[in-house]
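Have a look at model-v5.tsv; it's TSV, C-alpha atoms:
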chain	number	residue	atom	x	y	z
A	1	MET	CA	-141.78	-84.05	-25.87
A	2	ASN	CA	-138.22	-85.16	-25.18
A	3	LEU	CA	-138.79	-88.94	-25.21
A	4	ASN	CA	-135.39	-90.59	-25.58
A	5	LEU	CA	-134.09	-94.14	-25.26
A	6	LEU	CA	-132.59	-93.52	-21.82
A	7	LYS	CA	-135.98	-92.62	-20.37
A	8	LEU	CA	-137.60	-95.67	-21.93
A	9	ARG	CA	-134.81	-97.85	-20.56
A	10	ILE	CA	-135.45	-96.41	-17.09
A	11	VAL	CA	-139.14	-97.34	-17.36
A	12	GLU	CA	-138.30	-100.91	-18.35
A	13	LEU	CA	-135.71	-101.36	-15.59
A	14	LEU	CA	-137.95	-99.85	-12.90
A	15	GLU	CA	-140.67	-102.36	-13.74
A	16	LYS	CA	-138.15	-105.16	-13.42
A	17	HIS	CA	-136.24	-104.06	-10.30
A	18	ASN	CA	-138.58	-101.57	-8.53
A	19	LYS	CA	-135.60	-99.68	-7.11
A	20	ILE	CA	-134.15	-96.37	-8.25
A	21	THR	CA	-130.77	-97.31	-6.75
A	22	THR	CA	-130.61	-100.53	-8.76
A	23	VAL	CA	-131.58	-98.78	-11.99
A	24	ALA	CA	-128.98	-96.09	-11.37
A	25	ASP	CA	-126.27	-98.74	-10.83
A	26	ILE	CA	-127.21	-100.62	-14.01
A	27	LEU	CA	-127.20	-97.46	-16.13
A	28	GLU	CA	-124.13	-96.05	-14.32
A	29	LEU	CA	-126.03	-92.90	-13.39
A	30	LYS	CA	-126.51	-91.00	-10.16
A	31	GLN	CA	-129.80	-91.57	-8.35
A	32	PRO	CA	-130.90	-87.92	-8.70
A	33	THR	CA	-130.40	-88.23	-12.47
A	34	VAL	CA	-132.79	-91.19	-12.64
A	35	THR	CA	-135.31	-89.32	-10.50
A	36	PHE	CA	-134.95	-86.28	-12.75
A	37	HIS	CA	-135.80	-88.33	-15.86
A	38	MET	CA	-138.77	-89.94	-14.10
A	39	LYS	CA	-140.21	-86.53	-13.19
A	40	ASN	CA	-139.60	-85.24	-16.71
A	41	LEU	CA	-141.52	-88.18	-18.15
A	42	GLU	CA	-144.50	-87.49	-15.90
A	43	ARG	CA	-144.37	-83.78	-16.71
A	44	ASP	CA	-144.20	-84.42	-20.47
A	45	PHE	CA	-147.08	-86.90	-20.47
A	46	GLY	CA	-149.12	-85.00	-17.89
A	47	VAL	CA	-150.00	-88.17	-15.94
A	48	LYS	CA	-148.54	-90.05	-12.98
A	49	LEU	CA	-146.40	-92.96	-14.19
A	50	PHE	CA	-144.70	-94.08	-10.96
A	51	GLU	CA	-145.82	-94.68	-7.38
A	52	ALA	CA	-143.71	-95.33	-4.26
A	53	ARG	CA	-145.06	-98.23	-2.19
A	54	MET	CA	-143.24	-99.71	0.81
A	55	GLY	CA	-139.86	-98.64	-0.47
A	56	LYS	CA	-140.50	-99.84	-4.03
A	57	ILE	CA	-141.28	-97.97	-7.25
A	58	ILE	CA	-144.41	-99.38	-8.92
A	59	LEU	CA	-145.72	-98.43	-12.34
A	60	THR	CA	-149.23	-97.00	-12.53
A	61	ASP	CA	-151.69	-98.12	-15.20
A	62	ALA	CA	-150.41	-95.30	-17.39
A	63	GLY	CA	-146.86	-96.44	-16.63
A	64	TYR	CA	-147.63	-99.97	-17.79
A	65	ALA	CA	-149.17	-98.57	-20.98
A	66	LEU	CA	-145.87	-96.78	-21.64
A	67	LEU	CA	-143.90	-99.90	-20.67
A	68	HIS	CA	-145.60	-101.88	-23.47
A	69	TYR	CA	-144.00	-99.59	-26.05
A	70	ALA	CA	-140.79	-99.01	-24.14
A	71	VAL	CA	-139.94	-102.73	-24.24
A	72	LYS	CA	-140.51	-102.88	-28.00
A	73	ILE	CA	-138.57	-99.70	-28.74
A	74	ASN	CA	-135.64	-100.73	-26.52
A	75	ALA	CA	-135.47	-104.15	-28.20
A	76	LEU	CA	-135.53	-102.61	-31.68
A	77	ALA	CA	-132.87	-100.08	-30.71
A	78	ALA	CA	-130.57	-102.82	-29.37
A	79	GLU	CA	-131.19	-104.88	-32.50
A	80	ALA	CA	-130.43	-101.90	-34.76
A	81	GLU	CA	-127.13	-101.32	-32.95
A	82	ARG	CA	-126.10	-104.95	-33.33
A	83	VAL	CA	-127.08	-105.14	-36.98
A	84	VAL	CA	-125.16	-101.99	-37.91
A	85	MET	CA	-122.07	-103.07	-35.96
A	86	GLU	CA	-121.97	-106.47	-37.64
A	87	PHE	CA	-122.89	-105.19	-41.10
A	88	ASP	CA	-120.86	-106.90	-43.80
A	89	THR	CA	-118.40	-108.35	-41.31
A	90	LEU	CA	-118.03	-111.86	-39.97
A	91	ARG	CA	-115.27	-111.05	-37.50
A	92	ARG	CA	-117.42	-109.90	-34.59
A	93	GLY	CA	-121.01	-109.79	-33.42
A	94	SER	CA	-123.51	-112.07	-31.73
A	95	ILE	CA	-126.39	-114.34	-32.69
A	96	ARG	CA	-129.22	-115.20	-30.34
A	97	ILE	CA	-130.82	-118.50	-31.32
A	98	GLY	CA	-134.04	-119.99	-30.02
A	99	ALA	CA	-134.68	-123.67	-30.63
A	100	SER	CA	-137.20	-126.31	-29.68
A	101	TYR	CA	-135.87	-129.42	-27.97
A	102	VAL	CA	-135.36	-131.82	-30.91
A	103	PRO	CA	-133.35	-129.49	-33.19
A	104	ALA	CA	-131.51	-128.04	-30.18
A	105	THR	CA	-130.39	-131.52	-29.14
A	106	TYR	CA	-130.00	-133.46	-32.38
A	107	VAL	CA	-129.48	-130.86	-35.14
A	108	LEU	CA	-127.75	-127.75	-33.81
A	109	PRO	CA	-124.74	-129.07	-31.83
A	110	ALA	CA	-122.76	-130.02	-34.96
A	111	VAL	CA	-123.80	-126.80	-36.72
A	112	LEU	CA	-122.82	-124.62	-33.76
A	113	HIS	CA	-119.51	-126.45	-33.34
A	114	ARG	CA	-118.55	-125.86	-36.97
A	115	PHE	CA	-119.71	-122.24	-36.98
A	116	VAL	CA	-117.83	-121.29	-33.80
A	117	LYS	CA	-114.71	-123.06	-35.02
A	118	GLU	CA	-114.72	-121.10	-38.29
A	119	HIS	CA	-115.91	-117.80	-36.77
A	120	PRO	CA	-114.24	-117.57	-33.34
A	121	GLY	CA	-115.13	-113.88	-32.89
A	122	ILE	CA	-118.88	-114.49	-33.01
A	123	GLN	CA	-120.76	-115.03	-29.75
A	124	LEU	CA	-123.61	-117.54	-29.95
A	125	SER	CA	-126.42	-117.82	-27.38
A	126	LEU	CA	-128.92	-120.69	-27.50
A	127	PHE	CA	-132.29	-120.65	-25.73
A	128	VAL	CA	-134.11	-124.00	-25.66
A	129	LYS	CA	-137.87	-123.43	-25.52
A	130	THR	CA	-141.05	-124.88	-26.99
A	131	ALA	CA	-141.83	-123.94	-30.60
A	132	PRO	CA	-144.65	-121.49	-29.64
A	133	ILE	CA	-142.34	-119.67	-27.21
A	134	VAL	CA	-139.58	-119.45	-29.84
A	135	LYS	CA	-142.08	-117.88	-32.27
A	136	ASP	CA	-143.13	-115.38	-29.60
A	137	MET	CA	-139.51	-114.48	-28.87
A	138	LEU	CA	-138.94	-113.84	-32.58
A	139	GLU	CA	-141.99	-111.60	-32.82
A	140	HIS	CA	-140.74	-109.56	-29.86
A	141	HIS	CA	-137.19	-109.33	-31.28
A	142	GLU	CA	-135.74	-111.23	-28.31
A	143	ILE	CA	-133.80	-113.60	-30.59
A	144	ASP	CA	-132.38	-113.36	-34.11
A	145	ILE	CA	-133.34	-116.76	-35.52
A	146	GLY	CA	-135.43	-119.72	-34.41
A	147	ILE	CA	-134.91	-123.40	-35.22
A	148	ILE	CA	-138.09	-125.33	-34.46
A	149	SER	CA	-139.88	-128.59	-35.18
A	150	ALA	CA	-143.44	-127.80	-36.24
A	151	GLU	CA	-146.22	-128.43	-38.69
A	152	PRO	CA	-146.29	-126.12	-41.73
A	153	PHE	CA	-147.44	-122.65	-40.65
A	154	THR	CA	-147.72	-119.08	-41.87
A	155	THR	CA	-147.83	-115.80	-39.94
A	156	SER	CA	-147.83	-112.14	-40.91
A	157	THR	CA	-144.52	-111.44	-39.17
A	158	LEU	CA	-142.39	-114.59	-39.51
A	159	VAL	CA	-140.63	-116.29	-42.42
A	160	ALA	CA	-140.09	-120.06	-42.15
A	161	ASP	CA	-137.66	-122.04	-44.32
A	162	ALA	CA	-137.90	-125.82	-44.10
A	163	LEU	CA	-134.50	-127.40	-43.38
A	164	CYS	CA	-135.43	-131.07	-43.23
A	165	GLU	CA	-138.34	-133.35	-42.41
A	166	ASP	CA	-138.85	-134.26	-38.77
A	167	GLU	CA	-140.87	-137.44	-39.05
A	168	LEU	CA	-142.82	-138.76	-36.10
A	169	VAL	CA	-142.50	-142.50	-35.49
A	170	LEU	CA	-143.94	-145.02	-33.07
A	171	ILE	CA	-141.38	-146.41	-30.64
A	172	HIS	CA	-141.45	-149.48	-28.39
A	173	SER	CA	-138.90	-151.82	-26.91
A	174	PRO	CA	-137.85	-155.04	-28.72
A	175	THR	CA	-139.66	-156.99	-25.96
A	176	HIS	CA	-142.98	-155.15	-26.25
A	177	PRO	CA	-145.96	-157.21	-27.54
A	178	LEU	CA	-146.24	-154.93	-30.59
A	179	ALA	CA	-142.75	-156.02	-31.65
A	180	THR	CA	-144.13	-159.41	-32.76
A	181	LEU	CA	-146.86	-157.89	-34.94
A	182	GLU	CA	-146.18	-157.06	-38.56
A	183	ASN	CA	-149.23	-154.88	-39.19
A	184	LEU	CA	-150.14	-152.25	-36.62
A	185	THR	CA	-153.50	-150.49	-36.41
A	186	PRO	CA	-154.66	-147.37	-34.57
A	187	ASP	CA	-156.66	-149.68	-32.25
A	188	LEU	CA	-153.59	-151.68	-31.27
A	189	ILE	CA	-151.54	-148.56	-30.61
A	190	ALA	CA	-154.25	-146.71	-28.68
A	191	SER	CA	-154.88	-149.73	-26.48
A	192	SER	CA	-151.20	-149.94	-25.50
A	193	SER	CA	-149.80	-148.22	-22.43
A	194	PHE	CA	-148.89	-144.85	-23.92
A	195	VAL	CA	-146.41	-142.19	-22.79
A	196	LEU	CA	-147.50	-138.70	-23.82
A	197	HIS	CA	-145.36	-135.59	-24.10
A	198	GLY	CA	-146.21	-132.50	-22.05
A	199	LYS	CA	-149.15	-130.38	-23.19
A	200	GLU	CA	-146.93	-127.56	-24.52
A	201	SER	CA	-145.06	-129.92	-26.85
A	202	SER	CA	-145.70	-129.84	-30.59
A	203	THR	CA	-145.37	-133.65	-30.56
A	204	ARG	CA	-148.18	-133.81	-28.00
A	205	ARG	CA	-150.42	-131.68	-30.20
A	206	MET	CA	-149.70	-133.92	-33.19
A	207	THR	CA	-150.37	-137.04	-31.11
A	208	ASP	CA	-153.69	-135.61	-29.95
A	209	LYS	CA	-154.57	-134.77	-33.56
A	210	TRP	CA	-153.74	-138.33	-34.68
A	211	LEU	CA	-155.98	-139.75	-31.96
A	212	GLU	CA	-158.76	-137.37	-32.93
A	213	ASN	CA	-158.43	-138.20	-36.64
A	214	HIS	CA	-158.83	-141.90	-35.85
A	215	ASP	CA	-161.54	-141.33	-33.23
A	216	ARG	CA	-159.45	-143.00	-30.55
A	217	ARG	CA	-158.92	-142.26	-26.86
A	218	LEU	CA	-156.18	-143.61	-24.65
A	219	PRO	CA	-157.62	-145.75	-21.81
A	220	TYR	CA	-154.47	-145.21	-19.78
A	221	TYR	CA	-151.28	-143.24	-20.23
A	222	MET	CA	-148.39	-141.46	-18.54
A	223	GLU	CA	-147.48	-137.85	-19.25
A	224	LEU	CA	-143.82	-136.91	-19.06
A	225	ASP	CA	-142.45	-133.47	-19.82
A	226	SER	CA	-139.05	-134.75	-20.90
A	227	LEU	CA	-138.10	-136.54	-24.11
A	228	GLU	CA	-135.24	-138.37	-22.41
A	229	ALA	CA	-137.59	-139.58	-19.65
A	230	ILE	CA	-140.04	-140.79	-22.31
A	231	LYS	CA	-137.33	-142.75	-24.09
A	232	GLN	CA	-136.16	-144.35	-20.85
A	233	ALA	CA	-139.73	-145.31	-19.92
A	234	VAL	CA	-140.27	-146.96	-23.31
A	235	ILE	CA	-136.91	-148.76	-23.13
A	236	LEU	CA	-138.11	-150.49	-19.94
A	237	GLY	CA	-140.56	-152.43	-22.10
A	238	ALA	CA	-144.13	-151.70	-21.05
A	239	HIS	CA	-144.90	-148.49	-22.97
A	240	VAL	CA	-145.10	-146.95	-26.44
A	241	SER	CA	-144.88	-143.36	-27.63
A	242	PHE	CA	-144.68	-141.09	-30.67
A	243	VAL	CA	-141.36	-139.26	-30.99
A	244	SER	CA	-139.14	-137.63	-33.58
A	245	ARG	CA	-137.17	-140.13	-35.68
A	246	MET	CA	-133.95	-138.19	-35.22
A	247	ALA	CA	-134.42	-138.22	-31.43
A	248	VAL	CA	-134.28	-142.02	-31.20
A	249	GLN	CA	-131.98	-143.02	-34.05
A	250	SER	CA	-129.11	-143.70	-31.64
A	251	GLU	CA	-131.21	-145.96	-29.38
A	252	VAL	CA	-132.56	-147.80	-32.43
A	253	ASP	CA	-129.04	-148.38	-33.79
A	254	ARG	CA	-128.02	-149.83	-30.42
A	255	GLY	CA	-131.01	-152.16	-30.29
A	256	LEU	CA	-132.60	-150.48	-27.27
A	257	LEU	CA	-135.70	-149.36	-29.16
A	258	GLN	CA	-137.60	-150.20	-32.29
A	259	MET	CA	-139.34	-147.58	-34.40
A	260	ARG	CA	-142.24	-148.12	-36.77
A	261	PRO	CA	-144.23	-145.88	-39.12
A	262	ILE	CA	-147.38	-144.51	-37.50
A	263	PRO	CA	-150.36	-146.04	-39.33
A	264	GLY	CA	-152.67	-143.46	-40.85
A	265	ASN	CA	-150.37	-140.57	-40.00
A	266	LEU	CA	-151.07	-137.77	-42.47
A	267	ILE	CA	-149.43	-135.05	-40.36
A	268	GLU	CA	-146.26	-133.50	-41.73
A	269	ARG	CA	-143.62	-131.92	-39.52
A	270	TYR	CA	-140.39	-130.20	-40.46
A	271	VAL	CA	-137.43	-128.49	-38.85
A	272	TYR	CA	-137.72	-124.83	-39.79
A	273	ALA	CA	-135.35	-121.89	-39.65
A	274	VAL	CA	-137.58	-118.96	-38.71
A	275	THR	CA	-136.81	-115.23	-38.82
A	276	ASN	CA	-138.74	-112.02	-38.34
A	277	LYS	CA	-139.71	-110.23	-41.56
A	278	GLU	CA	-139.07	-106.86	-39.92
A	279	ARG	CA	-135.48	-107.69	-38.99
A	280	HIS	CA	-132.70	-106.81	-41.41
A	281	ARG	CA	-130.85	-109.95	-42.46
A	282	SER	CA	-127.24	-109.02	-41.89
A	283	ALA	CA	-124.28	-110.78	-43.42
A	284	LEU	CA	-123.83	-112.61	-40.12
A	285	ILE	CA	-127.36	-114.06	-40.09
A	286	ASN	CA	-127.06	-115.01	-43.75
A	287	GLN	CA	-123.78	-116.78	-43.05
A	288	PHE	CA	-125.24	-118.73	-40.14
A	289	SER	CA	-128.25	-119.66	-42.27
A	290	SER	CA	-125.91	-121.10	-44.91
A	291	TYR	CA	-124.61	-123.56	-42.31
A	292	LEU	CA	-128.18	-124.72	-41.73
A	293	SER	CA	-128.88	-125.20	-45.44
A	294	VAL	CA	-126.75	-128.38	-45.51
A	295	LEU	CA	-129.52	-130.10	-43.52
A	296	ASP	CA	-131.90	-129.88	-46.47

Just give me the structure of the file as structure tokens.
Amino acid sequence: MNLNLLKLRIVELLEKHNKITTVADILELKQPTVTFHMKNLERDFGVKLFEARMGKIILTDAGYALLHYAVKINALAAEAERVVMEFDTLRRGSIRIGASYVPATYVLPAVLHRFVKEHPGIQLSLFVKTAPIVKDMLEHHEIDIGIISAEPFTTSTLVADALCEDELVLIHSPTHPLATLENLTPDLIASSSFVLHGKESSTRRMTDKWLENHDRRLPYYMELDSLEAIKQAVILGAHVSFVSRMAVQSEVDRGLLQMRPIPGNLIERYVYAVTNKERHRSALINQFSSYLSVLD
């Protein structure tokens, strides 16, 4: 069977664009050449992989089964090419970074600025996603390194190096009733008007775990899927929330917010640099990782 990367690339692009003409343009091939490879694939496998429906090319069930492996093989091939090209050189190459919101906003800007300044030939791409999505992107070789805020974790495919602690704190405005109290309890906090993070947030999961550990439920709350919106809501004076210390340090320094330790909080969270065990750590990735190590 003559199964090459070009054919697998055609399968992946057809699923995405559903047009032979579009695939031919992307690959800089003639349309009959794309059709030729499609027919060869079906002949080699002995099953129908593609169907024409209302002017579109749709993958059959067998086609989708092949697509599952085509995506992985294409990603690994592209990664192999990049790794070899940047091997032992820091003058060219690219790094694809995935980061959850807190490190992307409050940790990485200074690191990226310094790295780009000292390595002007390196192209950096940053994708800001939730921590679970960043992990998934790493496992599928869609990014080279992930910087996430998360509880300690282990997986069979990922390596996580703790860079610094990302402590959760309680925040409220200086005019909030809790500001006059020296000792806070889980009851006092849970009975306050709370602002929760979105359900996909690691902070939300830790907040829910804290409530569960103390057998508390929130009688009323708002849910906002934006850290900046949460901070602004709390600044107005009526609400409280749990957020990352580093995310509110500026507002605390300016007197807009107050932060307090969360009573009974036994949950640890760190900023991790995460890589895929199966990916070769090139000189470029090692160099970028050394810029992160100063956070420890």

Discussion item. Taking 6 positions as the minimum chain separation for residues in the same chain, which residues sit within 8 Å of Ile267 of chain A when counting only C-alpha atoms? Answer as a list in words.
Written reply: Glu151, Met206 and Trp210 of chain A

Item to complete: Find the residue from A:Asn276, A:Ser226, A:Ser202, A:Ser173 that sits nearest to His239 of chain A; use only C-alpha atoms when measuring.
Response: A:Ser173

Worksheet entry | Residue contacts of Pro109 of chain A (12 Å, all atoms listed in the file) excluding same-chain residues fewer than 4 positions away, as JSON, numbers by chain | {"A": [99, 101, 102, 103, 104, 105, 113, 114, 115, 116, 124, 126, 291, 292]}

Discussion item. List as a PyMOL selection string the protein and nucleic acid residues near Leu8 of chain A, meaning an atom at most 9 Å away when all atoms listed in the file are counted, but skip any in the same chain fewer than 6 places from it.
Written reply: chain A and resi 66-67+69-71+73-74

Practice prompt. Scan for residues within 7 Å of the point (-140.8, -120.9, -43.2) in the coordinates of the file, using only C-alpha atoms, and reply as a ChimeraX atom specification.
Written response: /A:159-162,272-274

Worksheet entry | Selection near Asp187 of chain A, 10 Å with all atoms listed in the file, sequence-local residues under 6 positions removed, as a ChimeraX atom specification | /A:211,214-218

Could you give me the axis-aligned bounding box of segment 131-135 of chain A, with 3 Å of padding per side, as centre plus edge lengths in Å to one decimal, as lines of an AutoDock Vina configuration file?
center_x = -142.1
center_y = -120.9
center_z = -29.7
size_x = 11.1
size_y = 12.1
size_z = 11.1

Item to complete: Tell me, in Å to one decimal, how far atom CA of Leu170 of chain A is from atom CA of Gln258 of chain A.
Response: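 Distance reported for this atom pair: 8.2 Å.
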
Worksheet item: What does the distance between atom CA of Cys164 of chain A and atom CA of Phe288 of chain A come to in Å, to one decimal place?
Response: 16.3 Å

Discussion item. Given all atoms listed in the file as the basis, pick out the residue of A:Ser250, A:Thr154, A:Gln232, A:Ser94 nearest to Thr275 of chain A.
Written reply: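 Of A:Ser250, A:Thr154, A:Gln232, A:Ser94, the one nearest Thr275 of chain A, counting all atoms listed in the file, is A:Thr154.
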
Item to complete: Name the residues in contact with Ala24 of chain A at a cut-off of 7 Å, using all atoms listed in the file, excluding same-chain residues fewer than 6 positions from it; report them as an MDAnalysis selection string.
Response: chainID A and resid 30:31 34

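Nearest-residue note for Thr203 of chain A: choosing from A:Ser156, A:Thr180, A:Ser244, A:Asn265, the minimum distance belongs to A:Ser244, counting only C-alpha atoms.
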
Discussion item. Quick check, in Å to one decimal: how far apart do atom CA of Pro219 of chain A and atom CA of Ile189 of chain A lie?
Written reply: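 We find that atom CA of Pro219 of chain A and atom CA of Ile189 of chain A lie 11.1 Å from each other.
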
Practice prompt. Give the answer as one residue: which of A:Val248, A:Ile57, A:Leu266, A:Ile10 has the shortest atom-to-atom distance to Phe36 of chain A, using all atoms listed in the file?
Written response: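 Comparing A:Val248, A:Ile57, A:Leu266, A:Ile10 against Phe36 of chain A, the winner is A:Ile10.
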
Worksheet item: Using only C-alpha atoms, which of A:Arg281, A:Pro177, A:Arg96, A:Tyr220 sits nearest Ala190 of chain A?
Response: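 Selected residue with least distance to Ala190 of chain A: A:Tyr220.
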
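Distances from A:His68, A:Asn18, A:Ile26, A:Leu256 to Arg53 of chain A were compared using all atoms listed in the file, and the smallest one belongs to A:Asn18.
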